[in-house]
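See structure below.
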Amino acid sequence: MTSIAIGRLLRANTAGCVMGCQVSPQEAPAFGQMVRIPLEDGSQVFGLVHEIHIDDDGLVRQLAGSTNLSDEIIADNRKNRNMPVEMSVAFIGWQSGITLSQTRPPRPPLSLDKIFPCSDAEVAAFCASGRFAYLRMLLRNEELPAADLLTAHLRQVRAAGGADLENALREMIALLKDDYPQLMDLLSAVSEVVE
Amino acid sequence: MTNNEMNLIPEGQPIGYVVGGGLKANLFVRLTVPADKVQEGGFVVLESGNWQFYGLVTDLQLGASDPRYAEMPAAGRLSPTVTRLLKEQTLYTNLEVLPALMLERGPEPGAPDYEAWARAHQNENTPRPLPIKTVPGHHALARLASAGDVAEIFGTPDEKGYFEIGRTREQDHPVCINLDKFVQRSSGIFGATGSGKSFLTRIILAGLIQHNAASVLVFDMHNEYGFDDTASDTGQAVIGLRSKFPSRVRVVGLGRKSSIRGKTPDLTLELRDSDIQPEDIELLARELNLRETTSTTLDALVHHFGAANWFGKFREMSIGSMVEDDEGKKVPAPGSVAFWANQAGVNVAAAEGLRSKLTRVFNRPYLLHEEGAGDPLKEVIEALKAGQHVILSFGDYESDLDYLLVSNLLTRRIREAWEDSTNEFRAHGKAEPRPLVIAVEEAHKLLNREMAAQTSFSTIARELRKYYVTLLIIDQRPSQIYDEVMSQLGTRVSGWLGDENDVAAVLSGLAGRDALRGMLARLQPKEEVLLLGWGVPMPILVRSRRYDQKFWDDLLPRNSRSVEQNIKDLGF
């Protein structure tokens with residue numbers, strides 16, 4: 001289990017949260033990546049990064065308008081910027097003790113809670129803990145870019161190994177088969193991952 | 001490996017689950033195996049709680065959870081795995097199952113309540129298949145019937161009186177008919193020409209003769225059943241029933257010089273003038289183009305000459321002969337039809353017309369005009385009563401006139417004889433009559449709407465069950481047979497029928513006929529038959545047995561025959 005936090009929580013509800021982090025190509029979580037947020041009571045909440053948002057500030061605007069920007073200035077602005085990179089996370093489950101649940105967490109994490117990327121083992125364990133019931137939360141949420149998000153997620157699941165992607169697909173089809181356009185969008189996207 | 005073997009589903013493997021339906025609308029089963037693994041007519045078992053339901057697949061329907069999944073193939077747009085998974089969940093096949101029987105199977109052995117249930121269902125309380133009265137629940141699993149299921153419903157060839165008529169199409173399990181039940185009511189074998197009716201008839205007749213629960217009389221219009229023959233389509237030798245049952249089967253030839261397939265029959269049948277009664281002539285109304293006045297004229301003839309002599313006397317009358325009376329006026333000569341007609345008060349033209357038309361009958365070579373020449377009809381009847389089986393071959397007399405006249409006359413006499421025997425049995429405790437099955441080819445010629453009321457056949461089909469006589473009707477145009485007769489048929493065995501009216505006629509009076517109609521119309525042209533009616537527990541589609549050496553080896557295993565039987569069969 002990695003112990004390097006990638007950011008801290010800015011705001012949250014039981015459906016998801018927004019975290020803030022520094023811009024670092026090596027450490028920044030990717031779109032669709034699975035993350036976890038440990039809580040004070042020992043439990044933890046799991047989610048998928050579904051949006052990465054970089055806001056500007058006055059300094060960035062000034063710098064963007066100037067010429068001859070050195071690499072050092074750019075790196076300094078990215079590392080020490082006033083406005084953090086915001087990443088939105090959709091919750092997909094939680095863990096308390098040895099119990100893993102693929103439903104919404106009982107309560108949201110608190111502000112400035114640390115957020116960690118999930119390891120392959122954690123991804124595999126979470127997926128194997130149920131029948132991909134969390135896909136329901138992602139597919140029923142119209143705010144989420146479901147096709148791309150799930151494609152990215154499945155790519156991570158496949159890389160992590162241990163989970164049956166066909167079962168995940170069966171669950172997606174079962175959830176969306178009454179919505180032909182959305183299902184076909186989704187399936188044409190995930191066809192990239194599941195040959 | 002044959003295609004059939006490749007398509008086999010392992011015994012007991014579910015093929016789907018119930019998704020809807022009812023008693024009236026049939027049941028719908030969602031298939032979980034490829035559609036080509038199940039065919040129309042398949043015998044399926046549905047397991048639901050303590051009950052097992054038996055039904056017949058009557059239709060397969062392709063469906064989609066959204067029509068667009070079916071209309072727009074996804075293969076080009078999605079990866080193969082995704083395409084496969086999408087098909088699995090959005091495209092499906094529903095079976096339509098005609099439920100027929102249900103059987104209480106009780107709790108699973110080992111379950112807490114099993115012992116009590118087993119104790120309560122011993123011996124005569126053993127659960128038996130019942131006509132369907134309820135339906136299996138949602139998601140009850142469906143599977144193809146196993147050999148045990150087929151045996152539970154249709155019996156096994158090893159049981160006494162059970163005769164294998166064919167095998168289930170998919171799983172190749174033997175399907176039997178109960179011959180004791182088969183002979184209790186009239187039955188029918190139907191199928192378009194070339195669908196194998198004659199072979200199927202031979203198979204059933206062989207089973208009846210071997211089982212020997214009833215005597216069999218076959219009106220063999222085309223000389224097919226007695227002696228060995230050659231198949232018209234394949235040119236192969238076809239073994240005759242007489243060849244295999246020489247001690248039990250008597251071939252009777254019509255006419256003194258009859259020769260059947262180049263062989264001499266065991267007996268010769270000739271009719272005497274006194275055998276012929278007005279109803280035998282009335283039956284020929286269409287064949288001889290008789291008028292409505294025929295009945296009146298025949299009545300007058302019988303009244304005038306008596307039932308035993310009218311035919312001979314009428315034959316001896318001349319037409320048109322005149323003499324001069326005392327006044328020199330021309331009048332009908334004594335011995336002429338007109339002379340008799342005037343005496344009897346019958347219209348002369350009608351009587352002369354009838355006499356003229358009956359010339360065809362008078363000239364039949366198998367009619368004996370002298371009395372005292374024995375009673376061949378009685379000999380045939382006595383042989384049947386004694387337990388022999390008779391195949392009446394018409395030899396060269398294959399015209400409808402011969403067939404209608406002789407078969408009706410003989411059947412009328414049989415009807416009288418069996419009615420007498422039955423009354424003797426019931427009133428005076430004499431020997432119980434031996435059941436008799438009369439096999440009638442081209443039955444529509446004798447049992448059509450116009451004639452049914454006049455022939456003995458319709459009476460037998462409707463009423464003579466109580467007198468131990470039933471019919472085995474063999475025909476290619478069942479729609480031409482009188483509805484009342486068709487509705488009385490117990491067991492119906494039907495091959496492929498092309499005409500919609502024929503299909504409807506075979507199914508008349510049966511439950512679920514709408515569902516079975518399509519199945520009957522889509523049978524393989526050969527060797528596939530639908531068994532249905534009172535004589536079988538439920539309708540079932542079977543691949544009929546082949547009438548070949550293997551059939552005979554199964555029916556008459558050499559080592560099972562006693563020395564006595566072999567000696568008898570050799571004719572000693």
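To be explicit about the labels: the chains of the structure tokens are called A, B, and onward in the order shown, and within each one the residues are counted from 1, while ligands get numbers from 1 in the order they are shown.
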For chain A versus chain B, which residues have an atom no more than 6 Å away, and what is each residue's nearest atom pair and distance in Å rounded to one decimal, using only C-alpha atoms, chain-then-number order, as JSON lines?
{"residue": "A:Ser188", "atom": "CA", "partner": "B:Leu78", "partner_atom": "CA", "distance": 5.4}
{"residue": "A:Ser191", "atom": "CA", "partner": "B:Ser79", "partner_atom": "CA", "distance": 5.1}
{"residue": "A:Glu195", "atom": "CA", "partner": "B:Ser79", "partner_atom": "CA", "distance": 5.1}
Just C-alpha atoms for this one: save the residues we selected as a compact mmCIF listing (two decimals), in the first residue's frame.
# COMPACT_ATOMS: atom_id res chain seq x y z
CA SER A 188 -17.52 1.26 -28.40
CA SER A 191 -13.85 -2.06 -26.89
CA GLU A 195 -10.57 -7.03 -27.26
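For A:Ala30, the set of protein, DNA and RNA residues having any atom at most 10 Å away, when counting only C-alpha atoms and skipping those fewer than 3 positions along the same chain, is Pro25, Glu27, Gln33, Met34, Leu48, Val49, His50, Glu51, Ile52, Met87, Pro117 and Ala152 of chain A.
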Store the residues of this selection in a file with N, CA and C atoms, as a PDB file, in the first residue's frame.
ATOM      1  N   PRO A  25       3.881  15.714 -12.819  1.00  0.00           N
ATOM      2  CA  PRO A  25       3.570  14.661 -13.793  1.00  0.00           C
ATOM      3  C   PRO A  25       3.735  13.259 -13.211  1.00  0.00           C
ATOM      4  N   GLU A  27       3.387  12.320  -9.933  1.00  0.00           N
ATOM      5  CA  GLU A  27       2.518  11.952  -8.831  1.00  0.00           C
ATOM      6  C   GLU A  27       1.047  12.235  -9.094  1.00  0.00           C
ATOM      7  N   GLN A  33      -8.414   7.108 -12.582  1.00  0.00           N
ATOM      8  CA  GLN A  33      -7.638   6.332 -11.612  1.00  0.00           C
ATOM      9  C   GLN A  33      -8.439   6.138 -10.334  1.00  0.00           C
ATOM     10  N   MET A  34      -8.181   5.011  -9.693  1.00  0.00           N
ATOM     11  CA  MET A  34      -8.874   4.724  -8.443  1.00  0.00           C
ATOM     12  C   MET A  34      -8.048   5.258  -7.279  1.00  0.00           C
ATOM     13  N   LEU A  48     -13.198   7.210  -7.984  1.00  0.00           N
ATOM     14  CA  LEU A  48     -12.514   7.321  -9.275  1.00  0.00           C
ATOM     15  C   LEU A  48     -12.385   8.797  -9.639  1.00  0.00           C
ATOM     16  N   VAL A  49     -11.230   9.172 -10.121  1.00  0.00           N
ATOM     17  CA  VAL A  49     -11.022  10.549 -10.560  1.00  0.00           C
ATOM     18  C   VAL A  49     -11.769  10.738 -11.878  1.00  0.00           C
ATOM     19  N   HIS A  50     -12.721  11.652 -11.863  1.00  0.00           N
ATOM     20  CA  HIS A  50     -13.485  11.794 -13.096  1.00  0.00           C
ATOM     21  C   HIS A  50     -13.323  13.170 -13.736  1.00  0.00           C
ATOM     22  N   GLU A  51     -12.644  14.068 -13.053  1.00  0.00           N
ATOM     23  CA  GLU A  51     -12.399  15.363 -13.689  1.00  0.00           C
ATOM     24  C   GLU A  51     -11.144  15.982 -13.083  1.00  0.00           C
ATOM     25  N   ILE A  52     -10.330  16.571 -13.904  1.00  0.00           N
ATOM     26  CA  ILE A  52      -9.126  17.264 -13.421  1.00  0.00           C
ATOM     27  C   ILE A  52      -9.231  18.698 -13.940  1.00  0.00           C
ATOM     28  N   MET A  87      -9.171  18.072  -8.513  1.00  0.00           N
ATOM     29  CA  MET A  87      -9.570  16.791  -9.111  1.00  0.00           C
ATOM     30  C   MET A  87     -10.860  16.335  -8.468  1.00  0.00           C
ATOM     31  N   PRO A 117      -3.346   7.303  -4.127  1.00  0.00           N
ATOM     32  CA  PRO A 117      -3.697   6.434  -5.274  1.00  0.00           C
ATOM     33  C   PRO A 117      -3.765   4.987  -4.815  1.00  0.00           C
ATOM     34  N   ALA A 152     -11.209   4.157 -18.943  1.00  0.00           N
ATOM     35  CA  ALA A 152      -9.966   4.377 -18.202  1.00  0.00           C
ATOM     36  C   ALA A 152      -9.906   3.463 -16.981  1.00  0.00           C
TER      37      ALA A 152
END
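With atom CA of B:Lys181 on one side and atom CA of B:Ile239 on the other, the separation reads 26.7 Å.
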Filtered DSSP result for stretch 12-115 of chain A, state strand (DSSP E), as an NGL selection string: :A and (12 or 16-21 or 34-38 or 44-53 or 85-96 or 99-101 or 114-115)
Separation of atom CA of B:Ser494 from atom CA of B:Glu463, in Å and rounded to one decimal: 23.4 Å
All helix (DSSP H, G or I) positions in stretch 481-533 of chain B, as a VMD selection string: chain B and resid 483 to 488 500 to 506 513 to 521
